[in-house]
Amino acid sequence: MGDKKAKRGLGRGLSALMSDVTEASGTNDVSPKNPDRLVPIEQVEPNPDQPRRLFDQEKLDDLAQSIREKGIIQPLIVRPHPSKQDSFEIVAGERRWRAAQRAQIHEIPVIIRQFDDTETLEIAIIENIQRSDLNPVEEAAGYAQLMQRFGHTQDKLASALGKSRSHIANFVRLLSLPDEVQDLVRKGDLSSGHARALITSEDPVKLAQEIIRKGLSVRETENLVRQTTAPKIEKAPRSDEPASKDADTKLLEGDLTATLGMPVAVKHKPGNSGGVVSISYSDFDQLDDLCRILTSNQMEG
């Protein structure tokens, strides 16, 4: 019962948060939202838990120039500062705040909302996902955080964010790659298509280096992965054991793997409606995460 507030993001909550992000970012072709008030820029501070740490300096300069000429068209969303009187903390719009400082703007327009820490972080993640300059790994991490920390499902995210469920699942799968490969994707040395092709490889780091060295296309990468995957020496399948899994089972395994962030295998028992679902974890931290997910779902029910 005490966990109800942490799970508030589901249902109407997510739609309401998306509405606030849209107001702050101007992602739809609507008239700018009127601010609640203008406040001195020195009374506004960034959220210390903001998940986005890197801001493109050149783009900030361009935004600052636009603000000098036209002002801040879309107000920032802020909340009363949790520990400082007459001050505010940014919920959405830190880029505009930083650019306004460069433009030497003394007052900025804000919309004031009464958000708690959980809602503030959730909106920050959603706002970052909505930005077009995220790299694939940052986008994947945003989806994973919304699912793991706030209990959102892939279907709910797809509906609220205007994405397909397969888009979200494919991006989250990137997080199963080694850190070295994820870093290459962050830097733009590998595309998300290249990275997805490496998920099933036995040595993704080595292959990633080869892909970059040879300048391979995504299709060529897929062929390389197939060629370098060592064939498994298997006994002939028993009459009661299917030779291969059907496409629906493979898709289900992929969705479960993306949702949990851990490899999931589904095995059907021939001639029976039941089967076995196995989840593999790489360390105790992942095991703790799995236990937390299963426990929270049980408590929620």
# chains A, B, ... in the order shown; residues from 1 in each chain; ligands from 1
$ residues_around --residues "Pro109 in chain A" --least-positions-apart "2" --cutoff "8 Å" --atoms "only C-alpha atoms" --output "ChimeraX atom specification"
/A:35-39,72,74-76,107,111
$ write_last_selection --atoms "all heavy atoms" --output "PDB file, in the first residue's frame"
ATOM      1  N   PRO A  35       2.949  32.038 -19.330  1.00  0.00           N
ATOM      2  CA  PRO A  35       3.642  31.727 -18.077  1.00  0.00           C
ATOM      3  C   PRO A  35       2.816  32.151 -16.876  1.00  0.00           C
ATOM      4  O   PRO A  35       1.965  33.040 -16.961  1.00  0.00           O
ATOM      5  CB  PRO A  35       4.930  32.543 -18.190  1.00  0.00           C
ATOM      6  CG  PRO A  35       4.561  33.707 -19.060  1.00  0.00           C
ATOM      7  CD  PRO A  35       3.581  33.161 -20.056  1.00  0.00           C
ATOM      8  N   ASP A  36       3.065  31.510 -15.746  1.00  0.00           N
ATOM      9  CA  ASP A  36       2.436  31.942 -14.501  1.00  0.00           C
ATOM     10  C   ASP A  36       3.021  33.278 -14.051  1.00  0.00           C
ATOM     11  O   ASP A  36       2.312  34.120 -13.502  1.00  0.00           O
ATOM     12  CB  ASP A  36       2.661  30.889 -13.406  1.00  0.00           C
ATOM     13  CG  ASP A  36       1.877  29.611 -13.679  1.00  0.00           C
ATOM     14  OD1 ASP A  36       0.943  29.658 -14.506  1.00  0.00           O
ATOM     15  OD2 ASP A  36       2.201  28.579 -13.073  1.00  0.00           O
ATOM     16  N   ARG A  37       4.313  33.457 -14.296  1.00  0.00           N
ATOM     17  CA  ARG A  37       4.971  34.686 -13.879  1.00  0.00           C
ATOM     18  C   ARG A  37       6.370  34.770 -14.475  1.00  0.00           C
ATOM     19  O   ARG A  37       6.890  33.793 -15.019  1.00  0.00           O
ATOM     20  CB  ARG A  37       5.055  34.752 -12.346  1.00  0.00           C
ATOM     21  CG  ARG A  37       5.818  33.590 -11.745  1.00  0.00           C
ATOM     22  CD  ARG A  37       5.724  33.518 -10.238  1.00  0.00           C
ATOM     23  NE  ARG A  37       6.590  34.495  -9.592  1.00  0.00           N
ATOM     24  CZ  ARG A  37       6.884  34.484  -8.287  1.00  0.00           C
ATOM     25  NH1 ARG A  37       6.321  33.576  -7.501  1.00  0.00           N
ATOM     26  NH2 ARG A  37       7.680  35.370  -7.762  1.00  0.00           N
ATOM     27  N   LEU A  38       6.963  35.948 -14.369  1.00  0.00           N
ATOM     28  CA  LEU A  38       8.372  36.136 -14.694  1.00  0.00           C
ATOM     29  C   LEU A  38       9.156  36.160 -13.390  1.00  0.00           C
ATOM     30  O   LEU A  38       8.736  36.805 -12.424  1.00  0.00           O
ATOM     31  CB  LEU A  38       8.581  37.455 -15.451  1.00  0.00           C
ATOM     32  CG  LEU A  38       8.014  37.538 -16.871  1.00  0.00           C
ATOM     33  CD1 LEU A  38       8.118  38.974 -17.386  1.00  0.00           C
ATOM     34  CD2 LEU A  38       8.760  36.600 -17.795  1.00  0.00           C
ATOM     35  N   VAL A  39      10.275  35.451 -13.341  1.00  0.00           N
ATOM     36  CA  VAL A  39      11.077  35.425 -12.116  1.00  0.00           C
ATOM     37  C   VAL A  39      12.532  35.759 -12.465  1.00  0.00           C
ATOM     38  O   VAL A  39      12.996  35.471 -13.578  1.00  0.00           O
ATOM     39  CB  VAL A  39      11.008  34.046 -11.423  1.00  0.00           C
ATOM     40  CG1 VAL A  39       9.576  33.699 -11.048  1.00  0.00           C
ATOM     41  CG2 VAL A  39      11.596  32.954 -12.301  1.00  0.00           C
ATOM     42  N   ILE A  72      12.332  34.151 -24.715  1.00  0.00           N
ATOM     43  CA  ILE A  72      12.007  32.749 -24.440  1.00  0.00           C
ATOM     44  C   ILE A  72      10.542  32.538 -24.792  1.00  0.00           C
ATOM     45  O   ILE A  72       9.649  33.034 -24.093  1.00  0.00           O
ATOM     46  CB  ILE A  72      12.285  32.384 -22.978  1.00  0.00           C
ATOM     47  CG1 ILE A  72      13.772  32.577 -22.657  1.00  0.00           C
ATOM     48  CG2 ILE A  72      11.875  30.944 -22.691  1.00  0.00           C
ATOM     49  CD1 ILE A  72      14.135  32.287 -21.216  1.00  0.00           C
ATOM     50  N   GLN A  74       8.743  29.560 -25.123  1.00  0.00           N
ATOM     51  CA  GLN A  74       8.078  28.570 -24.271  1.00  0.00           C
ATOM     52  C   GLN A  74       8.623  28.674 -22.847  1.00  0.00           C
ATOM     53  O   GLN A  74       9.826  28.562 -22.626  1.00  0.00           O
ATOM     54  CB  GLN A  74       8.306  27.154 -24.803  1.00  0.00           C
ATOM     55  CG  GLN A  74       7.600  26.845 -26.113  1.00  0.00           C
ATOM     56  CD  GLN A  74       6.102  26.752 -25.946  1.00  0.00           C
ATOM     57  OE1 GLN A  74       5.608  26.554 -24.840  1.00  0.00           O
ATOM     58  NE2 GLN A  74       5.371  26.901 -27.036  1.00  0.00           N
ATOM     59  N   PRO A  75       7.766  28.920 -21.854  1.00  0.00           N
ATOM     60  CA  PRO A  75       8.245  29.051 -20.470  1.00  0.00           C
ATOM     61  C   PRO A  75       8.795  27.749 -19.924  1.00  0.00           C
ATOM     62  O   PRO A  75       8.469  26.661 -20.405  1.00  0.00           O
ATOM     63  CB  PRO A  75       6.976  29.467 -19.705  1.00  0.00           C
ATOM     64  CG  PRO A  75       5.850  28.974 -20.548  1.00  0.00           C
ATOM     65  CD  PRO A  75       6.302  29.073 -21.968  1.00  0.00           C
ATOM     66  N   LEU A  76       9.646  27.872 -18.926  1.00  0.00           N
ATOM     67  CA  LEU A  76      10.178  26.705 -18.238  1.00  0.00           C
ATOM     68  C   LEU A  76       9.130  26.185 -17.257  1.00  0.00           C
ATOM     69  O   LEU A  76       8.330  26.964 -16.720  1.00  0.00           O
ATOM     70  CB  LEU A  76      11.446  27.048 -17.456  1.00  0.00           C
ATOM     71  CG  LEU A  76      12.739  27.317 -18.232  1.00  0.00           C
ATOM     72  CD1 LEU A  76      12.689  28.638 -18.992  1.00  0.00           C
ATOM     73  CD2 LEU A  76      13.934  27.297 -17.275  1.00  0.00           C
ATOM     74  N   GLU A 107      15.211  38.082 -16.465  1.00  0.00           N
ATOM     75  CA  GLU A 107      13.979  37.448 -16.010  1.00  0.00           C
ATOM     76  C   GLU A 107      13.542  36.408 -17.026  1.00  0.00           C
ATOM     77  O   GLU A 107      13.681  36.619 -18.242  1.00  0.00           O
ATOM     78  CB  GLU A 107      12.863  38.484 -15.822  1.00  0.00           C
ATOM     79  CG  GLU A 107      13.065  39.415 -14.625  1.00  0.00           C
ATOM     80  CD  GLU A 107      11.850  40.301 -14.417  1.00  0.00           C
ATOM     81  OE1 GLU A 107      11.244  40.727 -15.426  1.00  0.00           O
ATOM     82  OE2 GLU A 107      11.509  40.560 -13.244  1.00  0.00           O
ATOM     83  N   ILE A 111       6.294  28.319 -15.593  1.00  0.00           N
ATOM     84  CA  ILE A 111       5.029  27.717 -15.161  1.00  0.00           C
ATOM     85  C   ILE A 111       5.342  26.950 -13.892  1.00  0.00           C
ATOM     86  O   ILE A 111       6.236  26.098 -13.876  1.00  0.00           O
ATOM     87  CB  ILE A 111       4.472  26.765 -16.236  1.00  0.00           C
ATOM     88  CG1 ILE A 111       4.151  27.536 -17.516  1.00  0.00           C
ATOM     89  CG2 ILE A 111       3.227  26.047 -15.730  1.00  0.00           C
ATOM     90  CD1 ILE A 111       3.776  26.642 -18.684  1.00  0.00           C
TER      91      ILE A 111
END
$ residues_around --residues "Ala103 in chain A" --least-positions-apart "2" --cutoff "6 Å" --atoms "only C-alpha atoms" --output "ChimeraX atom specification"
/A:64,68,100-101,105
$ closest_atom_pairs --of "range 121-163 of chain A" --to "range 183-200 of chain A" --cutoff "12 Å" --atoms "only C-alpha atoms" --output "tab-separated table"
residue	atom	partner	partner_atom	distance
A:Asp133	CA	A:Arg186	CA	11.2
A:Leu134	CA	A:Arg186	CA	8.9
A:Asn135	CA	A:Arg186	CA	5.7
A:Pro136	CA	A:Ser192	CA	6.2
A:Val137	CA	A:Arg186	CA	6.2
A:Glu138	CA	A:Arg186	CA	7.6
A:Glu139	CA	A:Arg186	CA	10.3
A:Ala140	CA	A:Ser192	CA	10.2
A:Ala141	CA	A:Arg186	CA	11.6
$ write_last_selection --atoms "C-alpha atoms" --output "compact mmCIF listing (two decimals), in the first residue's frame"
# COMPACT_ATOMS: atom_id res chain seq x y z
CA ASP A 133 19.67 15.05 -30.44
CA LEU A 134 19.80 12.09 -28.07
CA ASN A 135 22.10 9.28 -29.10
CA PRO A 136 20.51 5.79 -29.23
CA VAL A 137 22.03 4.63 -25.93
CA GLU A 138 20.73 7.72 -24.09
CA GLU A 139 17.28 7.13 -25.58
CA ALA A 140 17.40 3.46 -24.58
CA ALA A 141 18.43 4.36 -21.03
$ closest_residue --among "A:Ile108, A:Leu146, A:Leu224, A:Ala208" --to "Gln182 in chain A" --atoms "only C-alpha atoms"
A:Ala208
$ select_by_dssp --residues "range 130-291 of chain A" --states "helix (DSSP H, G or I)" --output "JSON, numbers by chain"
{"A": [130, 136, 137, 138, 139, 140, 141, 142, 143, 144, 145, 146, 147, 148, 149, 150, 154, 155, 156, 157, 158, 159, 160, 161, 165, 166, 167, 168, 169, 170, 171, 172, 173, 174, 175, 176, 179, 180, 181, 182, 183, 184, 185, 186, 192, 193, 194, 195, 196, 197, 198, 204, 205, 206, 207, 208, 209, 210, 211, 212, 213, 214, 218, 219, 220, 221, 222, 223, 224, 225, 226, 227, 228, 247, 248, 249, 250, 251, 252, 253, 254, 255, 256, 257, 258, 259, 260, 284, 285, 286, 287, 288, 289, 290, 291]}
$ residues_around --residues "Asp86 in chain A" --least-positions-apart "4" --cutoff "8 Å" --atoms "only C-alpha atoms" --output "list in words"
Gln43, Pro80 and His81 of chain A
$ residues_around --residues "Leu256 in chain A" --least-positions-apart "6" --cutoff "10 Å" --atoms "only C-alpha atoms" --output "list in words"
Ala169, Lys250, Met262, Pro263, Val264, Ala265, Val266 and Ile279 of chain A
$ closest_residue --among "A:Arg219, A:Arg149, A:Lys206, A:Lys163" --to "Ile125 in chain A" --atoms "only C-alpha atoms"
A:Arg149
$ atom_distance --atom1 "CA of Phe55 in chain A" --atom2 "CA of Arg113 in chain A"
24.7 Å
$ residues_around --residues "Gln57 in chain A" --least-positions-apart "5" --cutoff "10 Å" --atoms "only C-alpha atoms" --output "list of chain:residue names"
A:Asp62, A:Leu63, A:Ala99
$ atom_distance --atom1 "CA of Asn272 in chain A" --atom2 "CA of Leu290 in chain A"
27.6 Å
$ closest_residue --among "A:Thr228, A:Ser176, A:Val218, A:Phe115" --to "Tyr281 in chain A" --atoms "only C-alpha atoms"
A:Ser176
